[in-house]
file query29.cif (mmCIF, C-alpha atoms)
data_my_file
#
loop_
_atom_site.label_atom_id
_atom_site.label_comp_id
_atom_site.auth_asym_id
_atom_site.auth_seq_id
_atom_site.Cartn_x
_atom_site.Cartn_y
_atom_site.Cartn_z
CA MET F 119 27.09 -0.85 -36.73
CA SER F 120 23.46 -0.41 -35.65
CA ASN F 121 21.71 2.87 -36.40
CA ASP F 122 19.10 2.21 -33.70
CA THR F 123 18.76 5.37 -31.58
CA THR F 124 15.79 4.17 -29.54
CA ALA F 125 16.12 5.11 -25.87
CA ARG F 126 16.49 2.04 -23.65
CA LEU F 127 16.28 1.07 -20.01
CA THR F 128 19.95 0.79 -19.10
CA ASP F 129 20.01 -0.39 -15.48
CA VAL F 130 18.00 -1.37 -12.44
CA ASP F 131 19.67 -0.10 -9.28
CA VAL F 132 18.56 -1.66 -5.99
CA ILE F 133 19.21 -0.14 -2.55
CA ASP F 134 18.54 -1.76 0.84
CA VAL F 135 17.05 1.11 2.89
CA ARG F 136 16.07 0.68 6.54
CA PHE F 137 14.77 3.00 9.25
CA PRO F 138 15.15 2.19 13.00
CA THR F 139 11.46 2.60 13.84
CA SER F 140 11.51 -0.28 16.35
CA ARG F 141 13.32 1.90 18.87
CA GLU F 142 10.24 4.03 19.46
CA LEU F 143 7.83 1.07 18.94
CA ASP F 144 6.38 2.80 15.88
CA GLY F 145 4.53 0.19 13.85
CA SER F 146 4.29 -2.34 16.70
CA ASP F 147 1.41 -4.82 16.64
CA ALA F 148 0.51 -8.28 17.90
CA MET F 149 2.45 -10.09 15.15
CA ASN F 150 5.24 -7.57 14.57
CA PRO F 151 6.43 -6.20 17.92
CA ASP F 152 9.64 -4.56 16.69
CA PRO F 153 9.46 -3.52 13.01
CA ASP F 154 12.21 -1.50 11.36
CA TYR F 155 10.36 -0.03 8.40
CA SER F 156 12.38 -0.76 5.28
CA ALA F 157 12.33 -0.52 1.51
CA ALA F 158 14.01 -2.55 -1.19
CA TYR F 159 14.34 0.54 -3.37
CA VAL F 160 14.45 0.50 -7.17
CA ILE F 161 15.80 3.06 -9.62
CA LEU F 162 15.17 2.46 -13.34
CA ARG F 163 17.80 4.29 -15.38
CA THR F 164 17.63 5.13 -19.08
CA ASP F 165 19.76 6.64 -21.83
CA ALA F 166 16.91 8.90 -22.99
CA GLY F 167 18.88 12.01 -22.09
CA ASP F 168 15.94 13.70 -20.32
CA GLY F 169 17.22 13.06 -16.80
CA LEU F 170 14.09 11.13 -15.84
CA GLU F 171 14.22 7.88 -13.83
CA GLY F 172 11.64 5.48 -12.50
CA HIS F 173 11.60 5.04 -8.72
CA ALA F 174 9.67 2.53 -6.61
CA PHE F 175 10.16 0.00 -3.81
CA ALA F 176 8.95 -3.10 -2.06
CA PHE F 177 8.11 -2.51 1.60
CA THR F 178 9.42 -4.78 4.37
CA ILE F 179 9.97 -4.42 8.12
CA GLY F 180 13.71 -5.01 8.52
CA ARG F 181 15.38 -8.41 8.53
CA GLY F 182 14.94 -10.00 5.13
CA ASN F 183 15.02 -6.73 3.23
CA GLU F 184 18.24 -7.98 1.66
CA VAL F 185 16.32 -10.97 0.29
CA GLN F 186 13.71 -8.69 -1.23
CA ALA F 187 16.45 -6.52 -2.73
CA ALA F 188 18.13 -9.60 -4.22
CA ALA F 189 14.85 -10.67 -5.83
CA ILE F 190 14.52 -7.28 -7.50
CA ALA F 191 18.13 -7.42 -8.68
CA ALA F 192 17.42 -10.82 -10.25
CA LEU F 193 14.91 -9.14 -12.58
CA ARG F 194 17.54 -6.81 -14.06
CA PRO F 195 18.30 -8.97 -17.16
CA HIS F 196 14.59 -9.07 -17.99
CA VAL F 197 14.28 -5.28 -18.00
CA VAL F 198 17.55 -3.79 -19.23
CA GLY F 199 17.43 -3.09 -22.96
CA LEU F 200 13.67 -2.56 -23.22
CA SER F 201 12.49 0.46 -25.20
CA VAL F 202 11.64 3.41 -22.96
CA ASP F 203 8.95 4.62 -25.36
CA ALA F 204 7.36 1.18 -25.56
CA VAL F 205 7.15 0.47 -21.83
CA CYS F 206 5.91 3.98 -21.02
CA ALA F 207 3.21 3.70 -23.69
CA ASP F 208 2.19 0.30 -22.30
CA PRO F 209 3.45 -0.57 -18.79
CA GLY F 210 1.59 -3.85 -19.19
CA LEU F 211 4.44 -5.00 -21.42
CA VAL F 212 6.72 -5.24 -18.38
CA SER F 213 4.01 -6.66 -16.16
CA ARG F 214 3.18 -9.40 -18.65
CA ALA F 215 6.80 -10.21 -19.48
CA LEU F 216 7.78 -10.70 -15.84
CA ASN F 217 4.63 -12.52 -14.73
CA GLU F 218 4.62 -14.85 -17.74
CA ASP F 219 8.29 -15.84 -17.59
CA SER F 220 8.15 -19.59 -16.94
CA GLN F 221 11.13 -19.78 -14.61
CA LEU F 222 10.18 -16.68 -12.60
CA ARG F 223 6.67 -18.08 -12.21
CA TRP F 224 8.11 -21.17 -10.58
CA LEU F 225 9.26 -18.92 -7.73
CA GLY F 226 5.66 -17.85 -7.08
CA PRO F 227 3.59 -18.10 -9.01
CA GLU F 228 2.34 -14.56 -8.45
CA LYS F 229 3.00 -14.53 -4.74
CA GLY F 230 5.71 -13.87 -2.21
CA VAL F 231 9.05 -12.16 -2.56
CA ILE F 232 9.34 -12.55 -6.33
CA HIS F 233 5.86 -11.11 -6.93
CA MET F 234 6.62 -8.11 -4.71
CA ALA F 235 9.85 -7.66 -6.67
CA ILE F 236 7.87 -7.63 -9.91
CA GLY F 237 5.49 -5.11 -8.35
CA ALA F 238 8.38 -2.81 -7.47
CA VAL F 239 9.75 -2.87 -11.02
CA VAL F 240 6.30 -2.40 -12.55
CA ASN F 241 5.59 0.53 -10.22
CA ALA F 242 8.93 2.08 -11.23
CA VAL F 243 7.81 1.86 -14.87
CA TRP F 244 4.60 3.70 -13.99
CA ASP F 245 6.61 6.36 -12.16
CA LEU F 246 8.76 6.84 -15.24
CA ALA F 247 5.76 6.85 -17.59
CA ALA F 248 3.93 9.45 -15.51
CA LYS F 249 7.00 11.67 -15.27
CA ARG F 250 7.41 11.55 -19.06
CA ALA F 251 3.72 12.37 -19.46
CA GLY F 252 4.03 15.27 -17.02
CA LYS F 253 1.24 13.92 -14.80
CA PRO F 254 0.85 12.31 -11.39
CA VAL F 255 -0.07 8.63 -11.71
CA TRP F 256 -3.66 9.16 -10.53
CA LYS F 257 -4.17 11.71 -13.30
CA LEU F 258 -2.45 9.54 -15.91
CA LEU F 259 -4.87 6.73 -15.05
CA ALA F 260 -7.94 8.95 -14.85
CA ASP F 261 -7.23 10.50 -18.26
CA ALA F 262 -6.57 7.17 -20.00
CA SER F 263 -9.20 5.61 -22.23
CA PRO F 264 -11.27 2.78 -20.74
CA GLU F 265 -10.03 0.46 -23.48
CA TRP F 266 -6.36 1.19 -22.74
CA LEU F 267 -6.86 0.77 -19.00
CA ALA F 268 -8.71 -2.51 -19.50
CA ARG F 269 -5.78 -3.82 -21.57
CA GLN F 270 -3.45 -3.20 -18.62
CA VAL F 271 -5.20 -5.95 -16.66
CA ASP F 272 -4.25 -9.63 -16.67
CA TYR F 273 -7.55 -11.58 -16.72
CA ARG F 274 -6.00 -15.00 -16.21
CA TYR F 275 -7.78 -16.79 -13.36
CA ILE F 276 -10.28 -13.96 -12.78
CA GLU F 277 -12.32 -14.01 -15.98
CA ASP F 278 -15.04 -15.98 -14.21
CA ALA F 279 -15.56 -12.85 -12.10
CA LEU F 280 -14.43 -10.04 -14.43
CA ARG F 281 -14.32 -10.21 -18.23
CA PRO F 282 -12.48 -7.62 -20.35
CA ASP F 283 -15.76 -6.27 -21.75
CA GLU F 284 -17.09 -5.85 -18.20
CA ALA F 285 -13.94 -3.93 -17.26
CA VAL F 286 -14.41 -1.57 -20.20
CA ALA F 287 -18.06 -1.04 -19.26
CA LEU F 288 -17.16 -0.26 -15.64
CA LEU F 289 -14.50 2.20 -16.75
CA ARG F 290 -16.80 3.90 -19.25
CA GLU F 291 -19.43 4.30 -16.57
CA GLY F 292 -16.78 5.56 -14.18
CA ARG F 293 -15.78 8.38 -16.50
CA LYS F 294 -19.22 9.98 -16.28
CA GLY F 295 -18.84 13.08 -14.13
CA ALA F 296 -15.06 12.61 -13.85
CA ALA F 297 -14.27 16.29 -14.45
CA GLU F 298 -16.49 17.39 -11.56
CA ARG F 299 -15.01 14.77 -9.23
CA GLU F 300 -11.48 15.75 -10.22
CA ALA F 301 -12.25 19.36 -9.28
CA GLN F 302 -13.70 18.14 -5.99
CA LEU F 303 -10.59 16.04 -5.33
CA LEU F 304 -8.25 18.94 -6.00
CA ASP F 305 -10.32 21.20 -3.76
CA ARG F 306 -11.11 18.87 -0.86
CA GLY F 307 -8.79 15.89 -1.10
CA TYR F 308 -9.56 12.26 -0.25
CA PRO F 309 -10.67 11.19 3.26
CA GLY F 310 -8.14 9.45 5.46
CA TYR F 311 -8.03 7.69 8.80
CA THR F 312 -5.08 7.37 11.13
CA THR F 313 -3.40 4.46 12.88
CA SER F 314 -0.85 6.70 14.59
CA PRO F 315 -2.54 6.52 18.04
CA GLY F 316 -3.00 2.76 18.02
CA TRP F 317 0.35 1.00 17.99
CA LEU F 318 0.39 -1.84 20.49
CA GLY F 319 3.55 -0.69 22.26
CA TYR F 320 2.22 2.78 23.10
CA SER F 321 1.19 3.71 26.64
CA ASP F 322 -2.41 4.63 27.44
CA GLU F 323 -1.29 8.22 27.94
CA LYS F 324 0.27 8.35 24.49
CA LEU F 325 -2.78 6.65 22.96
CA THR F 326 -5.08 9.24 24.55
CA ARG F 327 -2.98 12.19 23.46
CA LEU F 328 -2.61 10.99 19.86
CA ALA F 329 -6.28 10.01 19.58
CA ARG F 330 -7.40 13.48 20.67
CA GLU F 331 -4.90 15.07 18.29
CA ALA F 332 -6.28 12.94 15.45
CA VAL F 333 -9.82 14.22 16.06
CA ALA F 334 -8.53 17.80 16.29
CA ASP F 335 -6.77 17.25 12.95
CA GLY F 336 -10.07 16.37 11.28
CA PHE F 337 -9.93 12.57 11.19
CA THR F 338 -13.26 10.83 11.68
CA GLN F 339 -11.73 7.37 12.11
CA ILE F 340 -8.76 5.97 14.02
CA LYS F 341 -7.43 2.42 14.32
CA LEU F 342 -6.06 0.38 17.22
CA LYS F 343 -3.89 -2.70 17.05
CA VAL F 344 -5.28 -5.62 19.07
CA GLY F 345 -4.69 -9.30 19.64
CA ALA F 346 -1.89 -9.73 22.16
CA ASP F 347 -3.86 -9.65 25.43
CA LEU F 348 -7.64 -9.36 25.72
CA ALA F 349 -7.66 -7.53 29.05
CA ASP F 350 -5.20 -4.99 27.66
CA ASP F 351 -7.32 -4.58 24.52
CA ILE F 352 -10.47 -3.95 26.55
CA ARG F 353 -8.64 -1.30 28.59
CA ARG F 354 -7.13 0.32 25.49
CA MET F 355 -10.44 0.34 23.61
CA ARG F 356 -12.15 1.93 26.62
CA THR F 357 -9.37 4.50 26.78
CA ALA F 358 -9.65 5.28 23.07
CA ARG F 359 -13.45 5.53 23.13
CA GLU F 360 -13.33 7.90 26.11
CA ALA F 361 -10.73 9.99 24.28
CA VAL F 362 -12.62 10.40 20.99
CA GLY F 363 -16.26 10.16 22.02
CA PRO F 364 -19.10 8.16 20.46
CA ASP F 365 -19.11 9.65 16.96
CA ILE F 366 -15.58 8.79 15.81
CA ARG F 367 -15.12 5.39 14.18
CA ILE F 368 -12.57 3.10 15.82
CA ALA F 369 -11.33 0.24 13.66
CA ILE F 370 -9.35 -2.63 15.18
CA ASP F 371 -6.58 -4.66 13.57
CA ALA F 372 -5.41 -8.12 14.70
CA ASN F 373 -2.68 -8.49 12.04
CA GLN F 374 -3.56 -12.18 11.38
CA ARG F 375 -3.10 -13.15 15.02
CA TRP F 376 -6.11 -15.40 15.63
CA ASN F 377 -7.67 -18.73 14.79
CA ILE F 378 -11.31 -18.50 13.71
CA ALA F 379 -13.06 -19.18 17.02
CA GLU F 380 -10.64 -16.87 18.81
CA ALA F 381 -11.25 -14.12 16.25
CA VAL F 382 -14.99 -14.33 16.78
CA ALA F 383 -14.81 -14.43 20.59
CA TRP F 384 -12.22 -11.64 20.84
CA THR F 385 -14.09 -9.33 18.48
CA LYS F 386 -17.37 -9.92 20.33
CA ALA F 387 -15.62 -9.08 23.61
CA LEU F 388 -14.79 -5.65 22.20
CA THR F 389 -18.20 -4.86 20.71
CA GLU F 390 -19.25 -2.76 23.70
CA PHE F 391 -16.83 -0.13 22.35
CA ASP F 392 -18.47 -0.13 18.89
CA PRO F 393 -15.54 -1.19 16.68
CA TYR F 394 -16.16 -0.24 13.05
CA TRP F 395 -14.21 -3.10 11.48
CA ILE F 396 -11.97 -5.96 12.49
CA GLU F 397 -8.97 -6.08 10.16
CA GLU F 398 -7.00 -9.23 9.31
CA PRO F 399 -8.72 -11.39 11.95
CA THR F 400 -6.94 -14.51 10.68
CA SER F 401 -4.63 -15.77 7.93
CA PRO F 402 -4.94 -13.67 4.76
CA ASP F 403 -5.15 -16.91 2.76
CA ASP F 404 -8.15 -18.25 4.69
CA ILE F 405 -11.04 -17.15 2.52
CA LEU F 406 -13.68 -19.32 4.18
CA GLY F 407 -12.35 -18.35 7.61
CA HIS F 408 -12.94 -14.70 6.83
CA ALA F 409 -16.46 -15.56 5.68
CA THR F 410 -17.15 -17.35 8.98
CA VAL F 411 -15.84 -14.43 11.02
CA ARG F 412 -17.89 -11.95 8.98
CA GLU F 413 -21.09 -13.90 9.50
CA SER F 414 -20.39 -14.29 13.22
CA VAL F 415 -19.36 -10.74 14.23
CA ALA F 416 -21.79 -8.61 12.20
CA PRO F 417 -22.54 -5.72 12.38
CA VAL F 418 -18.80 -5.28 12.96
CA LYS F 419 -17.33 -5.24 9.47
CA VAL F 420 -14.49 -7.49 8.29
CA ALA F 421 -11.59 -5.92 6.39
CA THR F 422 -8.55 -7.51 4.82
CA GLY F 423 -6.07 -7.19 1.96
CA GLU F 424 -2.77 -5.88 3.29
CA HIS F 425 -1.20 -9.32 2.94
CA VAL F 426 -3.44 -10.78 0.23
CA GLN F 427 -1.00 -12.00 -2.35
CA ASN F 428 -2.76 -11.51 -5.69
CA ARG F 429 -5.95 -10.69 -7.60
CA ILE F 430 -7.08 -14.33 -7.49
CA VAL F 431 -7.41 -14.39 -3.71
CA PHE F 432 -9.19 -11.03 -3.78
CA LYS F 433 -11.56 -12.44 -6.39
CA GLN F 434 -12.48 -15.34 -4.13
CA LEU F 435 -12.92 -13.14 -1.05
CA LEU F 436 -15.43 -11.12 -3.05
CA GLN F 437 -17.15 -14.09 -4.65
CA VAL F 438 -17.99 -15.74 -1.33
CA GLY F 439 -18.84 -12.49 0.46
CA ALA F 440 -16.02 -12.88 2.98
CA ILE F 441 -15.24 -9.17 3.48
CA ASP F 442 -17.03 -5.86 3.91
CA VAL F 443 -13.94 -3.73 3.21
CA LEU F 444 -11.22 -4.46 0.66
CA GLN F 445 -7.72 -3.19 1.51
CA ILE F 446 -5.33 -2.89 -1.42
CA ASP F 447 -1.63 -2.32 -0.84
CA ALA F 448 0.46 -0.49 -3.44
CA ALA F 449 3.55 -2.66 -2.89
CA ARG F 450 2.21 -6.13 -2.00
CA VAL F 451 0.87 -7.38 -5.36
CA GLY F 452 2.32 -7.04 -8.87
CA GLY F 453 2.17 -3.26 -9.12
CA VAL F 454 -0.33 -0.81 -10.60
CA ASN F 455 -1.54 -3.28 -13.23
CA GLU F 456 -2.67 -5.88 -10.73
CA ASN F 457 -4.14 -3.24 -8.44
CA LEU F 458 -6.21 -2.05 -11.40
CA ALA F 459 -7.64 -5.56 -11.64
CA ILE F 460 -8.45 -5.55 -7.91
CA LEU F 461 -10.09 -2.11 -8.05
CA LEU F 462 -12.22 -3.29 -10.96
CA LEU F 463 -13.24 -6.42 -9.07
CA ALA F 464 -14.20 -4.32 -6.04
CA ALA F 465 -16.21 -1.97 -8.26
CA LYS F 466 -18.10 -4.86 -9.83
CA TYR F 467 -18.96 -6.38 -6.44
CA GLY F 468 -19.76 -3.03 -4.84
CA VAL F 469 -17.28 -3.41 -1.99
CA PRO F 470 -15.56 -0.23 -0.71
CA VAL F 471 -11.78 0.00 -0.99
CA CYS F 472 -9.91 1.36 2.04
CA PRO F 473 -6.20 0.93 1.30
CA HIS F 474 -3.50 -0.16 3.67
CA ALA F 475 -0.76 2.43 4.04
CA GLY F 476 1.91 3.65 6.46
CA GLY F 477 5.32 2.02 6.53
CA VAL F 478 7.83 3.55 4.13
CA GLY F 479 6.12 5.45 1.33
CA LEU F 480 2.93 3.38 1.19
CA CYS F 481 0.83 6.47 1.92
CA GLU F 482 2.60 8.29 -0.89
CA LEU F 483 1.83 5.56 -3.43
CA VAL F 484 -1.61 4.26 -2.62
CA ARG F 485 -3.29 7.68 -2.60
CA HIS F 486 -2.84 7.69 -6.39
CA LEU F 487 -4.84 4.46 -6.72
CA SER F 488 -7.71 5.63 -4.51
CA MET F 489 -7.86 9.00 -6.22
CA PHE F 490 -8.05 7.38 -9.65
CA ASP F 491 -10.79 5.10 -8.34
CA PHE F 492 -12.78 8.09 -7.11
CA VAL F 493 -12.37 10.19 -10.23
CA ALA F 494 -12.75 7.55 -12.94
CA LEU F 495 -14.05 4.22 -11.59
CA SER F 496 -16.20 3.95 -8.44
CA GLY F 497 -17.01 7.66 -8.42
CA THR F 498 -17.47 7.81 -4.65
CA THR F 499 -15.64 8.24 -1.35
CA GLU F 500 -18.59 7.01 0.72
CA ASN F 501 -17.31 4.70 3.49
CA ARG F 502 -13.86 4.90 1.88
CA VAL F 503 -10.75 6.11 3.66
CA ILE F 504 -7.01 5.76 3.09
CA GLU F 505 -4.92 4.74 6.08
CA TYR F 506 -2.48 7.38 7.28
CA VAL F 507 0.50 7.02 9.58
CA ASP F 508 2.69 9.99 10.39
CA HIS F 509 6.08 8.34 9.82
CA LEU F 510 8.96 8.92 7.38
CA HIS F 511 7.20 11.20 4.89
CA GLU F 512 10.04 13.70 5.08
CA HIS F 513 12.26 11.29 3.15
CA PHE F 514 10.19 11.62 -0.05
CA MET F 515 10.39 14.23 -2.79
CA ASP F 516 6.58 14.46 -2.99
CA PRO F 517 5.39 13.66 0.54
CA VAL F 518 1.82 13.18 1.66
CA THR F 519 0.03 16.27 2.96
CA ILE F 520 -3.04 15.94 5.20
CA VAL F 521 -5.51 18.82 5.54
CA ASP F 522 -8.55 18.44 7.80
CA GLY F 523 -8.27 14.66 7.81
CA HIS F 524 -8.00 14.45 4.01
CA TYR F 525 -5.15 13.49 1.70
CA THR F 526 -4.43 16.35 -0.68
CA ALA F 527 -4.10 15.33 -4.32
CA PRO F 528 -0.48 15.19 -5.55
CA THR F 529 0.23 17.37 -8.57
CA LEU F 530 3.88 16.57 -9.30
CA PRO F 531 4.51 14.13 -12.18
CA GLY F 532 5.20 10.53 -11.16
CA PHE F 533 4.13 8.06 -8.49
CA SER F 534 5.40 10.12 -5.50
CA SER F 535 7.83 7.25 -4.89
CA GLU F 536 11.16 9.03 -5.22
CA MET F 537 13.20 9.44 -2.04
CA HIS F 538 15.72 12.19 -1.34
CA ALA F 539 19.27 11.22 -2.26
CA GLY F 540 20.39 12.23 1.23
CA SER F 541 17.91 9.84 2.86
CA LEU F 542 19.13 6.98 0.68
CA ALA F 543 22.73 7.78 1.60
CA THR F 544 21.96 8.01 5.32
CA TYR F 545 19.74 4.96 5.75
CA ARG F 546 21.27 2.56 3.22
CA TYR F 547 21.95 -0.69 5.09
CA PRO F 548 24.52 -1.47 6.43
CA ASP F 549 26.94 1.15 5.10
CA GLY F 550 24.84 4.35 5.10
CA GLY F 551 25.75 7.14 7.48
CA PHE F 552 23.23 6.23 10.19
CA TRP F 553 23.82 2.48 10.15
CA ALA F 554 27.62 2.67 9.90
CA ALA F 555 27.70 4.88 13.01
CA ASP F 556 25.11 2.72 14.77
CA LEU F 557 26.96 -0.53 14.12
CA ALA F 558 30.21 1.05 15.23
CA ALA F 559 28.54 2.23 18.45
CA GLN F 560 27.19 -1.26 19.09
CA ALA F 561 30.64 -2.70 18.59
CA SER F 562 32.03 -0.36 21.23
CA ASP F 563 28.99 -0.76 23.55
CA GLN F 564 28.04 2.91 23.18
CA PRO F 565 24.39 4.01 23.46
CA ARG F 566 22.54 3.61 20.17
CA GLU F 567 21.21 6.65 18.36
CA THR F 568 17.42 6.85 18.28
CA ASN F 569 15.39 7.46 15.17
CA ARG F 570 15.44 11.04 14.02
#
call {"tool": "encode", "arguments": {"input": "query29.cif", "output": "structure tokens"}}
result
Amino acid sequence: MSNDTTARLTDVDVIDVRFPTSRELDGSDAMNPDPDYSAAYVILRTDAGDGLEGHAFAFTIGRGNEVQAAAIAALRPHVVGLSVDAVCADPGLVSRALNEDSQLRWLGPEKGVIHMAIGAVVNAVWDLAAKRAGKPVWKLLADASPEWLARQVDYRYIEDALRPDEAVALLREGRKGAAEREAQLLDRGYPGYTTSPGWLGYSDEKLTRLAREAVADGFTQIKLKVGADLADDIRRMRTAREAVGPDIRIAIDANQRWNIAEAVAWTKALTEFDPYWIEEPTSPDDILGHATVRESVAPVKVATGEHVQNRIVFKQLLQVGAIDVLQIDAARVGGVNENLAILLLAAKYGVPVCPHAGGVGLCELVRHLSMFDFVALSGTTENRVIEYVDHLHEHFMDPVTIVDGHYTAPTLPGFSSEMHAGSLATYRYPDGGFWAADLAAQASDQPRETNR
């Protein structure tokens, strides 16, 4: 009989969680007119006896969430049995093991559903590690040594742009003045901007009301979805500009809708309203296309990253000068480790990072990455804002709080990714309380319940 008493990861639970946001047109844009914000939700369980678990998720918008959940479940054999102490001391162990598995790589490599599944598991490890350390993830990262942080990064395919020694140097430089910036962060928070007024399905009256509320709440930037109809976009941009005045930035987001010539012409047609950036003007894989758009629409900035699949594509976008604003997403790439690589690349190339957020829990997660970047890497919030959308925060144990247009710094241990048990039970698909009642009502042709 073995005398090994090492605590192990014992299970990876996966829950298909969906919210009926399409019924109020929350999240609607030119490419996604009816999203139901969803999460393939992960719980890492252990036998450590301390009651701590790792929670995370991959974000989707409804149909197909079951595919994402199945991809996460397929990783269970690769994770169960690992030492809790080992993976919490070095989350890169899990990141490397999953990304280097030859058969898993065939399903990517490092892209798509399997890569997002790996990201969810890796983020759950970081949540567990931070809880065991008694720190929020941003603080865990900011307190770590530059050498340890640099070892968390996979330099394959990016070493032509970022070498390990360069990463260490950037992190060492970033630690200078970290204590003062941490105090500033805890006092003031991190600047945000809001997309809440700008969903494509909203009426002009609702856009106006929400835009004015955003300014009253302290936001200095809002964002509008564009790309379905040019005449409508001109009217909506005029409405928004009249609502917020000349001094508030208005970003616009096409959600990959356009070909290159169309992106240039459409953006130029909206320049009379002084758009700050055009986001995702074309396919996220079209690096040279982004460069062409950027050259053609300046001084309007070009932003992208929400759907960029890995650090390699980000590297190339930076190398060819294709973007003015880099938008990381906490749940799109392979978790915290890969986002560290992307933040380091952005720091080297001097490009500001303005994360994508919203959806289910993305605001909760990505604030940790930006706050680490401010405290211990880039050292600045100049021209940097985190996207904010006022949806679904009440379902999280450590929800986002906005004060005067700024994200407050989370202080609870973990990655802020854990949802309330009641929310999981209610919105589990298709047998949670909400969906079971909704499907029964549909079967009997009763009116559907709206989102609460």
call {"tool": "residues_around", "arguments": {"input": "query29.cif", "residues": "Leu162 in chain F", "least_positions_apart": "2", "cutoff": "10 Å", "atoms": "only C-alpha atoms", "output": "list in words"}}
result
Leu127, Thr128, Asp129, Val130, Asp131, Val132, Val160, Thr164, Leu170, Glu171, Gly172, His173, Ala174, Arg194, Val197, Val198, Val239, Ala242, Val243, Asp245 and Leu246 of chain F
call {"tool": "write_last_selection", "arguments": {"input": "query29.cif", "atoms": "C-alpha atoms", "output": "mmCIF file, keeping the file's coordinate frame"}}
result
data_model
loop_
_atom_site.group_PDB
_atom_site.id
_atom_site.type_symbol
_atom_site.label_atom_id
_atom_site.label_comp_id
_atom_site.auth_asym_id
_atom_site.auth_seq_id
_atom_site.Cartn_x
_atom_site.Cartn_y
_atom_site.Cartn_z
ATOM 1 C CA LEU F 127 16.280 1.070 -20.010
ATOM 2 C CA THR F 128 19.950 0.790 -19.100
ATOM 3 C CA ASP F 129 20.010 -0.390 -15.480
ATOM 4 C CA VAL F 130 18.000 -1.370 -12.440
ATOM 5 C CA ASP F 131 19.670 -0.100 -9.280
ATOM 6 C CA VAL F 132 18.560 -1.660 -5.990
ATOM 7 C CA VAL F 160 14.450 0.500 -7.170
ATOM 8 C CA THR F 164 17.630 5.130 -19.080
ATOM 9 C CA LEU F 170 14.090 11.130 -15.840
ATOM 10 C CA GLU F 171 14.220 7.880 -13.830
ATOM 11 C CA GLY F 172 11.640 5.480 -12.500
ATOM 12 C CA HIS F 173 11.600 5.040 -8.720
ATOM 13 C CA ALA F 174 9.670 2.530 -6.610
ATOM 14 C CA ARG F 194 17.540 -6.810 -14.060
ATOM 15 C CA VAL F 197 14.280 -5.280 -18.000
ATOM 16 C CA VAL F 198 17.550 -3.790 -19.230
ATOM 17 C CA VAL F 239 9.750 -2.870 -11.020
ATOM 18 C CA ALA F 242 8.930 2.080 -11.230
ATOM 19 C CA VAL F 243 7.810 1.860 -14.870
ATOM 20 C CA ASP F 245 6.610 6.360 -12.160
ATOM 21 C CA LEU F 246 8.760 6.840 -15.240
#
call {"tool": "residues_around", "arguments": {"input": "query29.cif", "residues": "Ser534 in chain F", "least_positions_apart": "5", "cutoff": "9 Å", "atoms": "all atoms listed in the file", "output": "list in words"}}
result
His173, Ala174, Asp245, Pro254, Val255, Gly479, Glu482, Leu483, His486, Phe514, Met515, Asp516, Pro517, Val518 and Pro528 of chain F
call {"tool": "resolve_selection", "arguments": {"input": "query29.cif", "expression": "the PyMOL selection byres ((chain F and resi 277) around 12)", "output": "tab-separated table (two decimals) with C-alpha atoms, keeping the file's coordinate frame"}}
result
chain	number	residue	atom	x	y	z
F	271	VAL	CA	-5.20	-5.95	-16.66
F	272	ASP	CA	-4.25	-9.63	-16.67
F	273	TYR	CA	-7.55	-11.58	-16.72
F	274	ARG	CA	-6.00	-15.00	-16.21
F	275	TYR	CA	-7.78	-16.79	-13.36
F	276	ILE	CA	-10.28	-13.96	-12.78
F	278	ASP	CA	-15.04	-15.98	-14.21
F	279	ALA	CA	-15.56	-12.85	-12.10
F	280	LEU	CA	-14.43	-10.04	-14.43
F	281	ARG	CA	-14.32	-10.21	-18.23
F	282	PRO	CA	-12.48	-7.62	-20.35
F	283	ASP	CA	-15.76	-6.27	-21.75
F	284	GLU	CA	-17.09	-5.85	-18.20
F	285	ALA	CA	-13.94	-3.93	-17.26
F	429	ARG	CA	-5.95	-10.69	-7.60
F	430	ILE	CA	-7.08	-14.33	-7.49
F	433	LYS	CA	-11.56	-12.44	-6.39
F	434	GLN	CA	-12.48	-15.34	-4.13
F	459	ALA	CA	-7.64	-5.56	-11.64
F	462	LEU	CA	-12.22	-3.29	-10.96
F	463	LEU	CA	-13.24	-6.42	-9.07
call {"tool": "closest_residue", "arguments": {"input": "query29.cif", "among": "F:Leu318, F:Ala125, F:Ile133, F:Val451", "to": "Tyr545 in chain F", "atoms": "all atoms listed in the file"}}
result
F:Ile133
call {"tool": "resolve_selection", "arguments": {"input": "query29.cif", "expression": "the PyMOL selection byres ((chain F and resi 474) around 6)", "output": "number ranges by chain"}}
result
F: 424, 445, 447, 473, 475, 505
call {"tool": "closest_residue", "arguments": {"input": "query29.cif", "among": "F:Ala527, F:Glu456, F:Phe552, F:Asn183", "to": "Gln302 in chain F", "atoms": "only C-alpha atoms"}}
result
F:Ala527
call {"tool": "decode", "arguments": {"input": "query29.cif", "residues": "range 537-548 of chain F", "atoms": "C-alpha atoms", "output": "compact mmCIF listing (two decimals), in the first residue's frame"}}
result
# COMPACT_ATOMS: atom_id res chain seq x y z
CA MET F 537 -20.28 31.65 -9.47
CA HIS F 538 -22.97 31.27 -6.82
CA ALA F 539 -24.21 27.70 -6.46
CA GLY F 540 -27.78 28.96 -6.87
CA SER F 541 -26.96 30.57 -10.22
CA LEU F 542 -25.39 27.35 -11.47
CA ALA F 543 -28.46 25.40 -10.37
CA THR F 544 -30.88 27.86 -11.98
CA TYR F 545 -29.16 28.41 -15.32
CA ARG F 546 -27.63 24.99 -15.95
CA TYR F 547 -28.71 23.93 -19.44
CA PRO F 548 -31.12 22.28 -20.14
